[in-house]
Amino acid sequence: MSTLAAPASKNNKSMILLNGRIIDPANGIDGVGHLLVVQGKISAVFLNGEEPDLPDEVDRIDLAGKWVVPGLIDMHVHLREPGEEYKETIASGTRAAAAGGFTGVACMPNTRPVNDSYSITSLILAQAAEGSARVYPVGSISKGGEGKILAEYGEMRKAGVVALSDDGMPVVDSQLLRRGLEYAADYNLLVISHSEELALSKNGAMNEGYNSTRLGLRGIPGIAESIMIYRDLAVAECTGRPIHIAHISTRESVSLIRRAKAKGSLVTAETAPHYFSLTDEAVGNYDSRAKMNPPLRTADDVMAIKEGLKDGTIDAIATDHAPHSVLEKDVEFARAANGIIGLETAVPLTMNLLRNGDIDSGRMVELLSLNPARILGVEGGTLSPGTVADITVIDPDLEFVYSVDKIVSKSKNSPFIDWDLKGKAVLTLMAGEITWSDLH
Amino acid sequence: METGYHFSHKHILSLEDLSSADISFILQTADSFKEISTRSIKKVPTLRGKTVINLFFEPSTRTRLSFEIAAKRMSADTFNIASSTSSTTKGETLVDTALNLMAMNPDIIIIRHSFSGAAQLLTEHIETSVINAGDGTHEHPSQGLLDLMTVMEKKGRIEGLKVAIIGDIAHSRVAHSNIIGFTKMGASVCVAGPGTMMPPAVEKLGATRCNSVHEAVADADVVMALRIQKERQDDSLIPSLREYAKYFGINRSVIDLAKKDVLIMHPGPLNRGVEIDSEIADDPRSVILDQVTNGVAIRMALLYLLMGGD
Ligand SMILES: [Zn+2]
């Protein structure tokens, strides 16, 4: 089974999205127009006042004042299935994705068991066939994610993985990382690194600094991340292979990647909305909803992340959607699990960057759609005629309170609960089929 | 107390939460309770019919006993629950334990726990008043208060004093509460110890970080030695207790740098010969036993104030 065979449209009908602002940076498009979808594919884009002559049976959706963008792709989520279905399932996770405007998600392999095989990948894709978003499984770099020996990349590739990662843990053994990069080349698979020097982060519960001192919590210094990124870049460079750095959170990480890119390294990087929306102040009085790994950092790091998003150092915004139940979160802070859900807040939080002038709308589409598609080598990311009709419609002015009862994900572990947010995906189409609609 | 003051806390979780007016008020209240402990019948009926639970997840005979005596002298009924927090015990969660206790309608829960924030977590799930008797490496407010009381008693003031705290500042909830408490009351606090035991941004808590024990102790009015946990050797924070004692222990030559009438303090229990020399612990200027006595008075005051006495 191939990921590319994910839900094709059973719909022979046509649909036209009228009067929306069409933002498609891959084709240099940003203007009001209409977009025609026929049989699950984008058929034509009409701009500059061009009016199509359409038969009556074509469904018409008026999107005046809204943005029409290529379907958003989250290249870093945890769907928890198989093994921890009480936190999230592929069904609930992809529903949350659709609600957040995502048409595709890459799911990390730290499930139970770990996705290190043909059979687990196949199982994930079989479940995903009924889901509300495309699921791109990421296989593990090492067998069992244990960092000891290589997993079977050929078999996993055949089953449909799009990348490899031991996310949740770094590949500590530099030789294994090197072998992983070399061997991944044979199957044209991207390696995604969770960069963390464990000796420095051991037992840490939050960013090291005044707030960790104030709360009496073991700190995780920023260098626990950047030292490992430096190592990862060096190993990748030595193999001549691309590497993707997951969830960067510090100024130093941004500048290391910026420097590597300037030298021509094949590195790409992502950050998560919480790293540009919050600082370690959000931990407040031991609020475990603000606990994740890497931890929330300082205002200066937040500034550097924004600069990286603006200048192209950071290629993608990925949520690191990490559902946990109260069992893992409602405990002593140091014992609480790392991670927050993120699929349903990514759009409004990213739009805060737009409103503050950090990035423009074209860049937003690059970060949330075009670049993830290119980095993972999957379809989508553009609104080019002939491509699959994975489309997200955003209402940039829609204001809402992100209350617990509105959360679609099975888990509710978010530091953004009860925040006033602005900007929301109101219509999500996968291959021309509506997977989420807030329009009526 | 100035007019208009009202003690309005439901819990005692940290000295960070208390204002200097709160602290002064608690110290005054404790002072008035101290006399009870000197009577032949050391009991007042103030908290008759009230239930106090000592929920101790860490072994601590001294603090538990101090709270228990305080509660009994106020005529409260006390119950002790000892539990283990070892991460391998897959038992009841703290929240479950708290909800179970709630069902028994206690008036005050006193919690000692090895994880920072445990007392705070308790307050998020139950209605009962909570006193933090030490949570991880966060705070130990009643210890901070009894230290303030002891200094106040001996010196007549806190403001303007120089307080030196020596040892493992990073992992000491006692140091943390004392830095905050003494700073709030107008003292200047200097900390010193091995670099591995200095918390990041300690200056932001209000302390001055000194480069040496000598610098911290010079002209100090109060010198407090912290207990060194033997486990810290395994964490690679110090190579040996022997070396620690030699370079960071409080001995005669160190104490001679302080003011002549320096107060020598230690939260106990003592590792004699490690963080403090025996002769210094037993020096006439040592107030270590006064700290213990005042501990009972402070805890009586806290129980009383949380029960609405004022
Ligand atoms: Zn990760």
# chains A, B, ... in the order shown; residues from 1 in each chain; ligands from 1
call {"tool": "residues_around", "arguments": {"residues": "Arg232 (chain B)", "least_positions_apart": "5", "cutoff": "10 Å", "atoms": "only C-alpha atoms", "output": "PyMOL selection string"}}
result
chain B and resi 168+171+196-197+237-241
call {"tool": "residues_near_ligand", "arguments": {"ligand": "ligand 1", "cutoff": "10 Å", "atoms": "only C-alpha atoms and all ligand atoms", "output": "number ranges by chain"}}
result
A: 76-78, 108, 110, 165-170, 192-196, 245-248, 292-294, 320, 322, 338-339
call {"tool": "select_by_dssp", "arguments": {"residues": "region 257-336 of chain A", "states": "strand (DSSP E or B)", "output": "list of chain:residue names"}}
result
A:Val267, A:Thr268, A:Ala269, A:Glu270, A:Thr271, A:Ala316, A:Ile317, A:His321
call {"tool": "write_last_selection", "arguments": {"atoms": "all heavy atoms", "output": "short mmCIF file (atom, residue, chain, number, x, y, z; two decimals), in the first residue's frame"}}
result
data_model
loop_
_atom_site.label_atom_id
_atom_site.label_comp_id
_atom_site.auth_asym_id
_atom_site.auth_seq_id
_atom_site.Cartn_x
_atom_site.Cartn_y
_atom_site.Cartn_z
N VAL A 267 20.41 20.88 5.15
CA VAL A 267 19.63 20.79 6.38
C VAL A 267 18.32 21.54 6.24
O VAL A 267 18.25 22.58 5.57
CB VAL A 267 20.44 21.32 7.59
CG1 VAL A 267 20.85 22.77 7.39
CG2 VAL A 267 19.66 21.17 8.89
N THR A 268 17.28 20.98 6.83
CA THR A 268 16.02 21.69 6.97
C THR A 268 15.64 21.63 8.45
O THR A 268 16.18 20.81 9.19
CB THR A 268 14.90 21.07 6.11
OG1 THR A 268 14.83 19.67 6.40
CG2 THR A 268 15.16 21.29 4.63
N ALA A 269 14.74 22.52 8.84
CA ALA A 269 14.39 22.57 10.26
C ALA A 269 12.96 23.00 10.45
O ALA A 269 12.38 23.69 9.61
CB ALA A 269 15.32 23.53 10.99
N GLU A 270 12.41 22.56 11.56
CA GLU A 270 11.04 22.97 11.91
C GLU A 270 11.05 23.53 13.33
O GLU A 270 11.95 23.24 14.13
CB GLU A 270 10.10 21.75 11.89
CG GLU A 270 10.32 20.86 13.10
CD GLU A 270 9.68 19.47 13.07
OE1 GLU A 270 9.54 18.89 11.98
OE2 GLU A 270 9.37 18.97 14.17
N THR A 271 10.05 24.33 13.62
CA THR A 271 9.78 24.70 15.00
C THR A 271 8.29 24.49 15.23
O THR A 271 7.55 24.19 14.30
CB THR A 271 10.20 26.15 15.32
OG1 THR A 271 10.15 26.35 16.73
CG2 THR A 271 9.27 27.16 14.65
N ALA A 316 9.82 25.01 8.33
CA ALA A 316 8.45 24.54 8.55
C ALA A 316 7.98 24.79 9.97
O ALA A 316 8.77 24.83 10.90
CB ALA A 316 8.37 23.04 8.25
N ILE A 317 6.67 24.97 10.09
CA ILE A 317 6.03 24.97 11.40
C ILE A 317 5.31 23.63 11.51
O ILE A 317 4.48 23.28 10.67
CB ILE A 317 5.03 26.14 11.53
CG1 ILE A 317 5.78 27.48 11.54
CG2 ILE A 317 4.19 25.99 12.80
CD1 ILE A 317 4.88 28.71 11.45
N HIS A 321 2.27 17.73 17.86
CA HIS A 321 1.02 17.34 18.53
C HIS A 321 1.26 16.08 19.36
O HIS A 321 1.55 15.02 18.82
CB HIS A 321 -0.03 17.09 17.43
CG HIS A 321 -1.38 16.66 17.91
ND1 HIS A 321 -2.30 17.56 18.38
CD2 HIS A 321 -1.97 15.43 18.00
CE1 HIS A 321 -3.41 16.91 18.72
NE2 HIS A 321 -3.23 15.61 18.50
#
call {"tool": "select_by_dssp", "arguments": {"residues": "region 102-306 of chain B", "states": "helix (DSSP H, G or I)", "output": "number ranges by chain"}}
result
B: 102, 118-123, 141-155, 173-184, 195-197, 202-205, 213-217, 230-233, 241-248, 252-255, 278-281, 288-306
call {"tool": "write_last_selection", "arguments": {"atoms": "C-alpha atoms", "output": "mmCIF file, in the first residue's frame"}}
result
data_model
loop_
_atom_site.group_PDB
_atom_site.id
_atom_site.type_symbol
_atom_site.label_atom_id
_atom_site.label_comp_id
_atom_site.auth_asym_id
_atom_site.auth_seq_id
_atom_site.Cartn_x
_atom_site.Cartn_y
_atom_site.Cartn_z
ATOM 1 C CA MET B 102 -10.695 14.994 51.418
ATOM 2 C CA ALA B 118 3.442 18.696 45.133
ATOM 3 C CA ALA B 119 1.768 20.978 47.697
ATOM 4 C CA GLN B 120 0.515 23.250 44.914
ATOM 5 C CA LEU B 121 -0.892 20.226 43.072
ATOM 6 C CA LEU B 122 -2.784 19.228 46.195
ATOM 7 C CA THR B 123 -4.463 22.626 46.433
ATOM 8 C CA PRO B 141 8.167 27.924 54.233
ATOM 9 C CA SER B 142 7.756 26.949 57.906
ATOM 10 C CA GLN B 143 11.522 26.453 58.125
ATOM 11 C CA GLY B 144 12.122 29.856 56.575
ATOM 12 C CA LEU B 145 9.703 31.409 59.061
ATOM 13 C CA LEU B 146 11.260 29.723 62.081
ATOM 14 C CA ASP B 147 14.671 30.909 60.945
ATOM 15 C CA LEU B 148 13.350 34.458 60.627
ATOM 16 C CA MET B 149 11.769 34.171 64.058
ATOM 17 C CA THR B 150 15.017 32.989 65.586
ATOM 18 C CA VAL B 151 17.019 35.826 64.098
ATOM 19 C CA MET B 152 14.348 38.355 65.057
ATOM 20 C CA GLU B 153 14.396 37.072 68.600
ATOM 21 C CA LYS B 154 18.158 37.241 68.955
ATOM 22 C CA LYS B 155 18.877 40.379 66.954
ATOM 23 C CA ARG B 173 14.388 24.210 49.747
ATOM 24 C CA VAL B 174 15.546 25.673 53.053
ATOM 25 C CA ALA B 175 17.971 27.974 51.277
ATOM 26 C CA HIS B 176 15.296 28.898 48.756
ATOM 27 C CA SER B 177 12.763 29.891 51.416
ATOM 28 C CA ASN B 178 15.390 31.703 53.440
ATOM 29 C CA ILE B 179 16.693 33.715 50.504
ATOM 30 C CA ILE B 180 13.158 34.871 49.773
ATOM 31 C CA GLY B 181 12.171 35.401 53.409
ATOM 32 C CA PHE B 182 15.239 37.292 54.570
ATOM 33 C CA THR B 183 15.312 39.402 51.428
ATOM 34 C CA LYS B 184 11.647 40.321 51.828
ATOM 35 C CA GLY B 195 29.787 26.077 41.641
ATOM 36 C CA THR B 196 27.898 22.869 40.966
ATOM 37 C CA MET B 197 25.507 23.761 43.755
ATOM 38 C CA VAL B 202 19.967 33.029 41.984
ATOM 39 C CA GLU B 203 20.496 36.800 41.977
ATOM 40 C CA LYS B 204 16.977 37.183 40.642
ATOM 41 C CA LEU B 205 15.682 35.569 43.817
ATOM 42 C CA VAL B 213 32.746 31.150 51.498
ATOM 43 C CA HIS B 214 35.087 33.744 53.006
ATOM 44 C CA GLU B 215 33.522 36.551 51.027
ATOM 45 C CA ALA B 216 30.008 35.459 51.994
ATOM 46 C CA VAL B 217 30.794 35.114 55.683
ATOM 47 C CA LYS B 230 25.266 12.345 50.632
ATOM 48 C CA GLU B 231 23.593 11.505 47.285
ATOM 49 C CA ARG B 232 25.045 14.652 45.739
ATOM 50 C CA GLN B 233 28.339 12.857 45.437
ATOM 51 C CA LEU B 241 32.457 14.904 51.522
ATOM 52 C CA ARG B 242 36.015 15.192 52.775
ATOM 53 C CA GLU B 243 36.907 17.788 50.165
ATOM 54 C CA TYR B 244 33.603 19.579 50.729
ATOM 55 C CA ALA B 245 34.281 19.819 54.457
ATOM 56 C CA LYS B 246 37.724 21.199 53.840
ATOM 57 C CA TYR B 247 36.779 23.934 51.372
ATOM 58 C CA PHE B 248 33.122 24.678 52.128
ATOM 59 C CA ARG B 252 36.615 28.161 63.338
ATOM 60 C CA SER B 253 38.666 30.090 60.786
ATOM 61 C CA VAL B 254 35.595 30.746 58.651
ATOM 62 C CA ILE B 255 33.375 31.825 61.529
ATOM 63 C CA SER B 278 31.311 20.098 65.844
ATOM 64 C CA GLU B 279 32.842 22.892 67.866
ATOM 65 C CA ILE B 280 31.003 25.485 65.755
ATOM 66 C CA ALA B 281 27.681 23.680 66.076
ATOM 67 C CA ILE B 288 20.423 25.560 66.287
ATOM 68 C CA LEU B 289 18.302 24.384 69.221
ATOM 69 C CA ASP B 290 16.409 27.679 69.381
ATOM 70 C CA GLN B 291 15.477 27.018 65.766
ATOM 71 C CA VAL B 292 13.889 23.745 66.823
ATOM 72 C CA THR B 293 11.965 25.400 69.679
ATOM 73 C CA ASN B 294 10.748 28.200 67.455
ATOM 74 C CA GLY B 295 9.695 25.659 64.866
ATOM 75 C CA VAL B 296 6.877 24.533 67.129
ATOM 76 C CA ALA B 297 5.731 28.106 67.762
ATOM 77 C CA ILE B 298 5.759 28.981 64.054
ATOM 78 C CA ARG B 299 3.760 25.885 63.202
ATOM 79 C CA MET B 300 1.240 26.631 65.940
ATOM 80 C CA ALA B 301 0.854 30.100 64.466
ATOM 81 C CA LEU B 302 0.346 28.749 60.955
ATOM 82 C CA LEU B 303 -2.290 26.249 62.081
ATOM 83 C CA TYR B 304 -4.034 28.935 64.062
ATOM 84 C CA LEU B 305 -4.035 31.489 61.252
ATOM 85 C CA LEU B 306 -5.214 29.019 58.641
#
call {"tool": "interface_residues", "arguments": {"of": "chain A", "to": "chain B", "cutoff": "6 Å", "atoms": "only C-alpha atoms", "output": "ChimeraX atom specification"}}
result
/A:209-210,215-216,332
call {"tool": "closest_residue", "arguments": {"among": "A:Ile29, A:Val68, A:Ala205, A:Ala199", "to": "Gly219 (chain A)", "atoms": "only C-alpha atoms"}}
result
A:Ala205
call {"tool": "atom_distance", "arguments": {"atom1": "CA of Leu421 (chain A)", "atom2": "CA of Asp287 (chain A)"}}
result
20.3 Å
call {"tool": "residues_around", "arguments": {"residues": "region 118-120 of chain A", "least_positions_apart": "6", "cutoff": "8 Å", "atoms": "only C-alpha atoms", "output": "PDB file with all heavy atoms, in the first residue's frame"}}
result
ATOM      1  N   GLU A 155      11.853  -2.401   3.972  1.00  0.00           N
ATOM      2  CA  GLU A 155      10.514  -2.934   4.235  1.00  0.00           C
ATOM      3  C   GLU A 155       9.541  -1.818   4.606  1.00  0.00           C
ATOM      4  O   GLU A 155       8.399  -1.792   4.162  1.00  0.00           O
ATOM      5  CB  GLU A 155      10.581  -3.969   5.378  1.00  0.00           C
ATOM      6  CG  GLU A 155      11.311  -5.246   4.997  1.00  0.00           C
ATOM      7  CD  GLU A 155      10.593  -5.986   3.874  1.00  0.00           C
ATOM      8  OE1 GLU A 155       9.437  -6.388   4.078  1.00  0.00           O
ATOM      9  OE2 GLU A 155      11.185  -6.124   2.787  1.00  0.00           O
ATOM     10  N   MET A 156      10.027  -0.906   5.435  1.00  0.00           N
ATOM     11  CA  MET A 156       9.139   0.193   5.852  1.00  0.00           C
ATOM     12  C   MET A 156       8.799   1.094   4.670  1.00  0.00           C
ATOM     13  O   MET A 156       7.673   1.545   4.517  1.00  0.00           O
ATOM     14  CB  MET A 156       9.780   1.001   6.984  1.00  0.00           C
ATOM     15  CG  MET A 156       9.767   0.277   8.322  1.00  0.00           C
ATOM     16  SD  MET A 156      10.151   1.369   9.704  1.00  0.00           S
ATOM     17  CE  MET A 156      11.887   1.655   9.483  1.00  0.00           C
ATOM     18  N   ARG A 157       9.785   1.324   3.835  1.00  0.00           N
ATOM     19  CA  ARG A 157       9.557   2.159   2.641  1.00  0.00           C
ATOM     20  C   ARG A 157       8.482   1.514   1.754  1.00  0.00           C
ATOM     21  O   ARG A 157       7.579   2.178   1.257  1.00  0.00           O
ATOM     22  CB  ARG A 157      10.879   2.306   1.880  1.00  0.00           C
ATOM     23  CG  ARG A 157      10.757   2.927   0.514  1.00  0.00           C
ATOM     24  CD  ARG A 157      10.659   4.434   0.591  1.00  0.00           C
ATOM     25  NE  ARG A 157       9.781   4.952  -0.441  1.00  0.00           N
ATOM     26  CZ  ARG A 157       9.498   6.237  -0.616  1.00  0.00           C
ATOM     27  NH1 ARG A 157      10.008   7.138   0.187  1.00  0.00           N
ATOM     28  NH2 ARG A 157       8.706   6.617  -1.573  1.00  0.00           N
ATOM     29  N   LYS A 158       8.629   0.219   1.597  1.00  0.00           N
ATOM     30  CA  LYS A 158       7.664  -0.517   0.780  1.00  0.00           C
ATOM     31  C   LYS A 158       6.250  -0.383   1.359  1.00  0.00           C
ATOM     32  O   LYS A 158       5.264  -0.252   0.642  1.00  0.00           O
ATOM     33  CB  LYS A 158       8.078  -1.995   0.719  1.00  0.00           C
ATOM     34  CG  LYS A 158       7.406  -2.794  -0.374  1.00  0.00           C
ATOM     35  CD  LYS A 158       8.070  -4.168  -0.494  1.00  0.00           C
ATOM     36  CE  LYS A 158       7.000  -5.245  -0.583  1.00  0.00           C
ATOM     37  NZ  LYS A 158       7.491  -6.536  -0.073  1.00  0.00           N
ATOM     38  N   ALA A 159       6.183  -0.405   2.686  1.00  0.00           N
ATOM     39  CA  ALA A 159       4.868  -0.275   3.335  1.00  0.00           C
ATOM     40  C   ALA A 159       4.349   1.155   3.275  1.00  0.00           C
ATOM     41  O   ALA A 159       3.153   1.382   3.389  1.00  0.00           O
ATOM     42  CB  ALA A 159       4.960  -0.737   4.779  1.00  0.00           C
TER      43      ALA A 159
END
call {"tool": "closest_residue", "arguments": {"among": "A:Ile243, A:Ala272, A:Ile305, A:Ala64", "to": "Thr319 (chain A)", "atoms": "only C-alpha atoms"}}
result
A:Ala272
call {"tool": "residues_around", "arguments": {"residues": "region 412-419 of chain A", "least_positions_apart": "5", "cutoff": "9 Å", "atoms": "only C-alpha atoms", "output": "list of chain:residue names"}}
result
A:His274, A:Ala282, A:Val283, A:Asp287, A:Ser288, A:Arg289, A:Ala290, A:Lys291, A:Ala322, A:Pro323, A:His324, A:Ser325, A:Val326, A:Lys329, A:Gly339, A:Ile340, A:Ile341, A:Gly342, A:Thr345, A:Phe400, A:Val401, A:Tyr402, A:Ser403, A:Val404, A:Ile407
call {"tool": "residues_around", "arguments": {"residues": "Val130 (chain B)", "least_positions_apart": "5", "cutoff": "8 Å", "atoms": "only C-alpha atoms", "output": "ChimeraX atom specification"}}
result
/B:10-13,108-111,119,122-123
call {"tool": "residues_around", "arguments": {"residues": "Ile90 (chain A)", "least_positions_apart": "2", "cutoff": "9 Å", "atoms": "only C-alpha atoms", "output": "ChimeraX atom specification"}}
result
/A:79-82,85,88,92-95,124,127-128,130-132,135
call {"tool": "write_last_selection", "arguments": {"atoms": "C-alpha atoms", "output": "PDB file, in the first residue's frame"}}
result
ATOM      1  CA  LEU A  79      -1.160   9.886  16.790  1.00  0.00           C
ATOM      2  CA  ARG A  80      -0.620   7.339  19.605  1.00  0.00           C
ATOM      3  CA  GLU A  81      -2.078   4.432  17.633  1.00  0.00           C
ATOM      4  CA  PRO A  82      -1.174   1.625  18.011  1.00  0.00           C
ATOM      5  CA  GLU A  85      -5.554   4.758  21.998  1.00  0.00           C
ATOM      6  CA  GLU A  88      -5.544   9.611  20.623  1.00  0.00           C
ATOM      7  CA  SER A  92      -9.481  11.228  16.395  1.00  0.00           C
ATOM      8  CA  GLY A  93      -6.063  12.645  15.530  1.00  0.00           C
ATOM      9  CA  THR A  94      -6.844  13.102  11.862  1.00  0.00           C
ATOM     10  CA  ARG A  95     -10.206  14.636  12.813  1.00  0.00           C
ATOM     11  CA  ILE A 124      -1.236   2.651  10.567  1.00  0.00           C
ATOM     12  CA  GLN A 127      -6.460   2.751   9.933  1.00  0.00           C
ATOM     13  CA  ALA A 128      -5.642   5.997   8.148  1.00  0.00           C
ATOM     14  CA  GLU A 130     -10.782   5.871   7.059  1.00  0.00           C
ATOM     15  CA  GLY A 131      -9.254   9.013   8.559  1.00  0.00           C
ATOM     16  CA  SER A 132      -9.939  12.683   7.957  1.00  0.00           C
ATOM     17  CA  VAL A 135      -1.280  10.094   7.182  1.00  0.00           C
TER      18      VAL A 135
END
call {"tool": "residues_around", "arguments": {"residues": "Ala97 (chain A)", "least_positions_apart": "6", "cutoff": "7 Å", "atoms": "only C-alpha atoms", "output": "PyMOL selection string"}}
result
chain A and resi 103+133+343-344
call {"tool": "closest_residue", "arguments": {"among": "B:Ala76, B:Arg227, B:Gly206, B:Val44", "to": "Gly186 (chain B)", "atoms": "only C-alpha atoms"}}
result
B:Gly206
